[in-house]
Amino acid sequence: MSSRGRYDSEPVTHQPLFPVENYWWLYAAFLGLVFVLLAVDLGILNRKAKEVSIATAARWTAVWTFLALAFNALLWFWAREELTKPSLAAALAASGYGEPAEAARRLALEFLSGYIVEISLSVDNLFVFVVLFAYFRVPPTLRHRVLFYGILGALLFRGIFIALGSVLFQFQWIVVVFGIFLALTGVKLLFASDGLGPDPGKNWVIKLLHRFLPVTDDYRGDRFIVSEQGRRWVTPLFVTLIAVELTDILFAIDSIPAIYGITKEPLIVFTSNVFAILGLRSLFFVLAGAMDRFHLLRYGLGVVLVFVGLKMTVLFRLFDDGHFPTEWSLGIIVLTLGSTLLASLLFPKRAESDVAAIADAPSRRTESEP
């Protein structure tokens, strides 16, 4: 049965062009480069706890963006040469990407589309991080450390989810289920009321941590675990880190299906996710003070999620080869997100700033506690 009518339990006939078992060295080299950059970041440039200025964060955001775009260009040129190998002829024919030059171009566009979607979806993470840091009263000098180790955990969990997705999304009915889930999530985002985000105090994992682990009354510098009074204690910084990791896991439920709605190539899914995560930390310090200025972005994200969901369930059937044009996807995503960002700046909120309200949250919470 053709891809236009397949909704049974048969695996989708997509054969990865660059599977891990054949290109393990490429994945290993990429991860090695990432960990070297992170080691330089924490071990040399940010060895001491300090508050990150907006100017420094902006420079790092530019660096991570440049690296992502540079990788995109290298991927394009490398794939164009690699796909000419006779050993990849069968996989290339089964993928539906076309000739090597066309396939390389489409892969590069898929990376760019996936990177933009993942960065855009990460904005929701940033808003929740503002809530978490305010709730736990994390000193500005320690926020960089929490986000750094949060990124390491995010890389691990995203890798696990991507590996699971590469197996699950071989079945068209699972693709359809997640497509419907994304579309419904987008609709929910479109009609959700503005709020301050989730209350960390109501999270059952955080409650368990406080119940079964001794937590110090205050921070102990940049330590996550300390030894005091003959026993080990976790600090509020550790509890904050767990909350950050839980937040990323929850958001991965949306972001991983979204990227698989753009491309089925594991290398593209993995690298675009990693670059989006790497840029998330510096982007937080750039946007933390201006979150409420982008109050209309959630509508753009809702539209993008609905579009990707429809693309996974319905729109691909409009084309004989079963592939929604990558150029169209990129154009729709960029136009939607760009329009809502511009509209946010042209029509700012008149109500009280959400960030200002969040900043007062810790004192209100403290007053109500015994």
# chains A, B, ... in the order shown; residues from 1 in each chain; ligands from 1

call {"tool": "residues_around", "arguments": {"residues": "segment 250-254 of chain A", "least_positions_apart": "3", "cutoff": "12 Å", "atoms": "only C-alpha atoms", "output": "ChimeraX atom specification"}}
result
/A:117-126,128,154-162,164-165,178-186,189,198,243-247,257-261,273,277,301-302,304-306,308-309

call {"tool": "select_by_dssp", "arguments": {"residues": "segment 134-370 of chain A", "states": "alpha helix (DSSP H)", "output": "ChimeraX atom specification"}}
result
/A:134-135,140-168,172-191,204-212,236-260,266-287,297-313,326-346,354-359,361-368

call {"tool": "atom_distance", "arguments": {"atom1": "atom CA of Leu267 of chain A", "atom2": "atom CA of Gly300 of chain A"}}
result
26.8 Å

call {"tool": "closest_residue", "arguments": {"among": "A:Ala55, A:Leu241, A:Val40, A:Ala73", "to": "Gly153 of chain A", "atoms": "only C-alpha atoms"}}
result
A:Leu241

call {"tool": "closest_residue", "arguments": {"among": "A:Val177, A:Leu213, A:Ile54, A:Ile242", "to": "Thr313 of chain A", "atoms": "only C-alpha atoms"}}
result
A:Val177

call {"tool": "residues_around", "arguments": {"residues": "Arg106 of chain A", "least_positions_apart": "6", "cutoff": "9 Å", "atoms": "only C-alpha atoms", "output": "list in words"}}
result
Trp76, Tyr97, Pro325, Thr326 and Glu327 of chain A

call {"tool": "residues_around", "arguments": {"residues": "Leu346 of chain A", "least_positions_apart": "5", "cutoff": "12 Å", "atoms": "only C-alpha atoms", "output": "count of residues only"}}
result
7

call {"tool": "select_by_dssp", "arguments": {"residues": "segment 105-319 of chain A", "states": "strand (DSSP E)", "output": "JSON, numbers by chain"}}
result
{"A": [225, 226, 227, 228, 231, 232, 233, 234]}

call {"tool": "write_last_selection", "arguments": {"atoms": "all heavy atoms", "output": "PDB file, in the first residue's frame"}}
result
ATOM      1  N   ILE A 225      25.208  19.126  47.009  1.00  0.00           N
ATOM      2  CA  ILE A 225      25.143  18.210  48.145  1.00  0.00           C
ATOM      3  C   ILE A 225      26.255  18.588  49.117  1.00  0.00           C
ATOM      4  O   ILE A 225      27.384  18.875  48.711  1.00  0.00           O
ATOM      5  CB  ILE A 225      25.315  16.739  47.694  1.00  0.00           C
ATOM      6  CG1 ILE A 225      24.223  16.368  46.685  1.00  0.00           C
ATOM      7  CG2 ILE A 225      25.264  15.792  48.890  1.00  0.00           C
ATOM      8  CD1 ILE A 225      24.391  14.970  46.097  1.00  0.00           C
ATOM      9  N   VAL A 226      25.925  18.610  50.406  1.00  0.00           N
ATOM     10  CA  VAL A 226      26.908  18.955  51.432  1.00  0.00           C
ATOM     11  C   VAL A 226      26.846  17.928  52.559  1.00  0.00           C
ATOM     12  O   VAL A 226      25.856  17.211  52.722  1.00  0.00           O
ATOM     13  CB  VAL A 226      26.647  20.369  52.002  1.00  0.00           C
ATOM     14  CG1 VAL A 226      26.835  21.432  50.942  1.00  0.00           C
ATOM     15  CG2 VAL A 226      25.253  20.464  52.616  1.00  0.00           C
ATOM     16  N   SER A 227      27.929  17.860  53.328  1.00  0.00           N
ATOM     17  CA  SER A 227      27.985  17.003  54.513  1.00  0.00           C
ATOM     18  C   SER A 227      27.989  17.887  55.753  1.00  0.00           C
ATOM     19  O   SER A 227      28.910  18.689  55.949  1.00  0.00           O
ATOM     20  CB  SER A 227      29.247  16.127  54.479  1.00  0.00           C
ATOM     21  OG  SER A 227      29.206  15.217  53.405  1.00  0.00           O
ATOM     22  N   GLU A 228      26.952  17.744  56.559  1.00  0.00           N
ATOM     23  CA  GLU A 228      26.830  18.536  57.777  1.00  0.00           C
ATOM     24  C   GLU A 228      26.211  17.676  58.864  1.00  0.00           C
ATOM     25  O   GLU A 228      25.339  16.826  58.578  1.00  0.00           O
ATOM     26  CB  GLU A 228      25.952  19.783  57.534  1.00  0.00           C
ATOM     27  CG  GLU A 228      26.548  20.788  56.563  1.00  0.00           C
ATOM     28  CD  GLU A 228      25.654  21.992  56.362  1.00  0.00           C
ATOM     29  OE1 GLU A 228      24.546  22.017  56.966  1.00  0.00           O
ATOM     30  OE2 GLU A 228      26.029  22.901  55.604  1.00  0.00           O
ATOM     31  N   ARG A 231      25.882  13.854  58.367  1.00  0.00           N
ATOM     32  CA  ARG A 231      25.015  13.274  57.342  1.00  0.00           C
ATOM     33  C   ARG A 231      25.069  14.152  56.090  1.00  0.00           C
ATOM     34  O   ARG A 231      25.526  15.289  56.131  1.00  0.00           O
ATOM     35  CB  ARG A 231      23.571  13.157  57.838  1.00  0.00           C
ATOM     36  CG  ARG A 231      22.944  14.494  58.190  1.00  0.00           C
ATOM     37  CD  ARG A 231      21.583  14.358  58.846  1.00  0.00           C
ATOM     38  NE  ARG A 231      20.633  13.658  58.012  1.00  0.00           N
ATOM     39  CZ  ARG A 231      19.317  13.603  58.260  1.00  0.00           C
ATOM     40  NH1 ARG A 231      18.830  14.216  59.332  1.00  0.00           N
ATOM     41  NH2 ARG A 231      18.512  12.952  57.470  1.00  0.00           N
ATOM     42  N   ARG A 232      24.596  13.585  55.009  1.00  0.00           N
ATOM     43  CA  ARG A 232      24.563  14.318  53.743  1.00  0.00           C
ATOM     44  C   ARG A 232      23.224  15.041  53.588  1.00  0.00           C
ATOM     45  O   ARG A 232      22.176  14.475  53.881  1.00  0.00           O
ATOM     46  CB  ARG A 232      24.793  13.372  52.563  1.00  0.00           C
ATOM     47  CG  ARG A 232      26.218  12.851  52.489  1.00  0.00           C
ATOM     48  CD  ARG A 232      26.453  12.109  51.184  1.00  0.00           C
ATOM     49  NE  ARG A 232      27.828  11.641  51.059  1.00  0.00           N
ATOM     50  CZ  ARG A 232      28.827  12.375  50.614  1.00  0.00           C
ATOM     51  NH1 ARG A 232      28.607  13.627  50.233  1.00  0.00           N
ATOM     52  NH2 ARG A 232      30.046  11.883  50.527  1.00  0.00           N
ATOM     53  N   TRP A 233      23.312  16.267  53.108  1.00  0.00           N
ATOM     54  CA  TRP A 233      22.137  17.089  52.858  1.00  0.00           C
ATOM     55  C   TRP A 233      22.152  17.537  51.400  1.00  0.00           C
ATOM     56  O   TRP A 233      23.212  17.759  50.820  1.00  0.00           O
ATOM     57  CB  TRP A 233      22.140  18.342  53.730  1.00  0.00           C
ATOM     58  CG  TRP A 233      22.076  18.082  55.210  1.00  0.00           C
ATOM     59  CD1 TRP A 233      23.030  17.499  55.980  1.00  0.00           C
ATOM     60  CD2 TRP A 233      20.998  18.409  56.085  1.00  0.00           C
ATOM     61  NE1 TRP A 233      22.640  17.437  57.290  1.00  0.00           N
ATOM     62  CE2 TRP A 233      21.383  17.990  57.384  1.00  0.00           C
ATOM     63  CE3 TRP A 233      19.759  19.025  55.921  1.00  0.00           C
ATOM     64  CZ2 TRP A 233      20.576  18.163  58.499  1.00  0.00           C
ATOM     65  CZ3 TRP A 233      18.948  19.197  57.029  1.00  0.00           C
ATOM     66  CH2 TRP A 233      19.346  18.770  58.294  1.00  0.00           C
ATOM     67  N   VAL A 234      20.975  17.670  50.818  1.00  0.00           N
ATOM     68  CA  VAL A 234      20.878  18.315  49.501  1.00  0.00           C
ATOM     69  C   VAL A 234      20.492  19.767  49.729  1.00  0.00           C
ATOM     70  O   VAL A 234      19.809  20.095  50.702  1.00  0.00           O
ATOM     71  CB  VAL A 234      19.842  17.618  48.588  1.00  0.00           C
ATOM     72  CG1 VAL A 234      20.221  16.174  48.348  1.00  0.00           C
ATOM     73  CG2 VAL A 234      18.433  17.718  49.163  1.00  0.00           C
TER      74      VAL A 234
END

call {"tool": "residues_around", "arguments": {"residues": "Arg145 of chain A", "least_positions_apart": "3", "cutoff": "8 Å", "atoms": "only C-alpha atoms", "output": "short mmCIF file (atom, residue, chain, number, x, y, z; two decimals) with N, CA and C atoms, in the first residue's frame"}}
result
data_model
loop_
_atom_site.label_atom_id
_atom_site.label_comp_id
_atom_site.auth_asym_id
_atom_site.auth_seq_id
_atom_site.Cartn_x
_atom_site.Cartn_y
_atom_site.Cartn_z
N ALA A 49 31.29 31.23 40.21
CA ALA A 49 29.89 31.61 40.17
C ALA A 49 29.78 33.13 40.04
N LEU A 142 24.07 31.95 40.76
CA LEU A 142 24.03 30.48 40.69
C LEU A 142 23.15 29.96 39.55
N PHE A 148 23.54 25.00 33.38
CA PHE A 148 24.60 24.21 32.76
C PHE A 148 24.37 22.73 33.00
N TYR A 149 24.19 22.35 34.27
CA TYR A 149 23.98 20.94 34.56
C TYR A 149 22.60 20.48 34.08
N ASP A 222 27.78 27.16 45.69
CA ASP A 222 27.34 26.52 44.46
C ASP A 222 27.25 25.00 44.61
#

call {"tool": "closest_residue", "arguments": {"among": "A:His144, A:Thr56, A:Leu83, A:Phe71", "to": "Phe30 of chain A", "atoms": "only C-alpha atoms"}}
result
A:Phe71

call {"tool": "atom_distance", "arguments": {"atom1": "atom CA of Ala163 of chain A", "atom2": "atom CA of Phe324 of chain A"}}
result
23.6 Å

call {"tool": "atom_distance", "arguments": {"atom1": "atom CA of Thr216 of chain A", "atom2": "atom CA of Gly150 of chain A"}}
result
20.6 Å

call {"tool": "residues_around", "arguments": {"residues": "Leu330 of chain A", "least_positions_apart": "4", "cutoff": "8 Å", "atoms": "only C-alpha atoms", "output": "PyMOL selection string"}}
result
chain A and resi 109-110+112-113+326+334
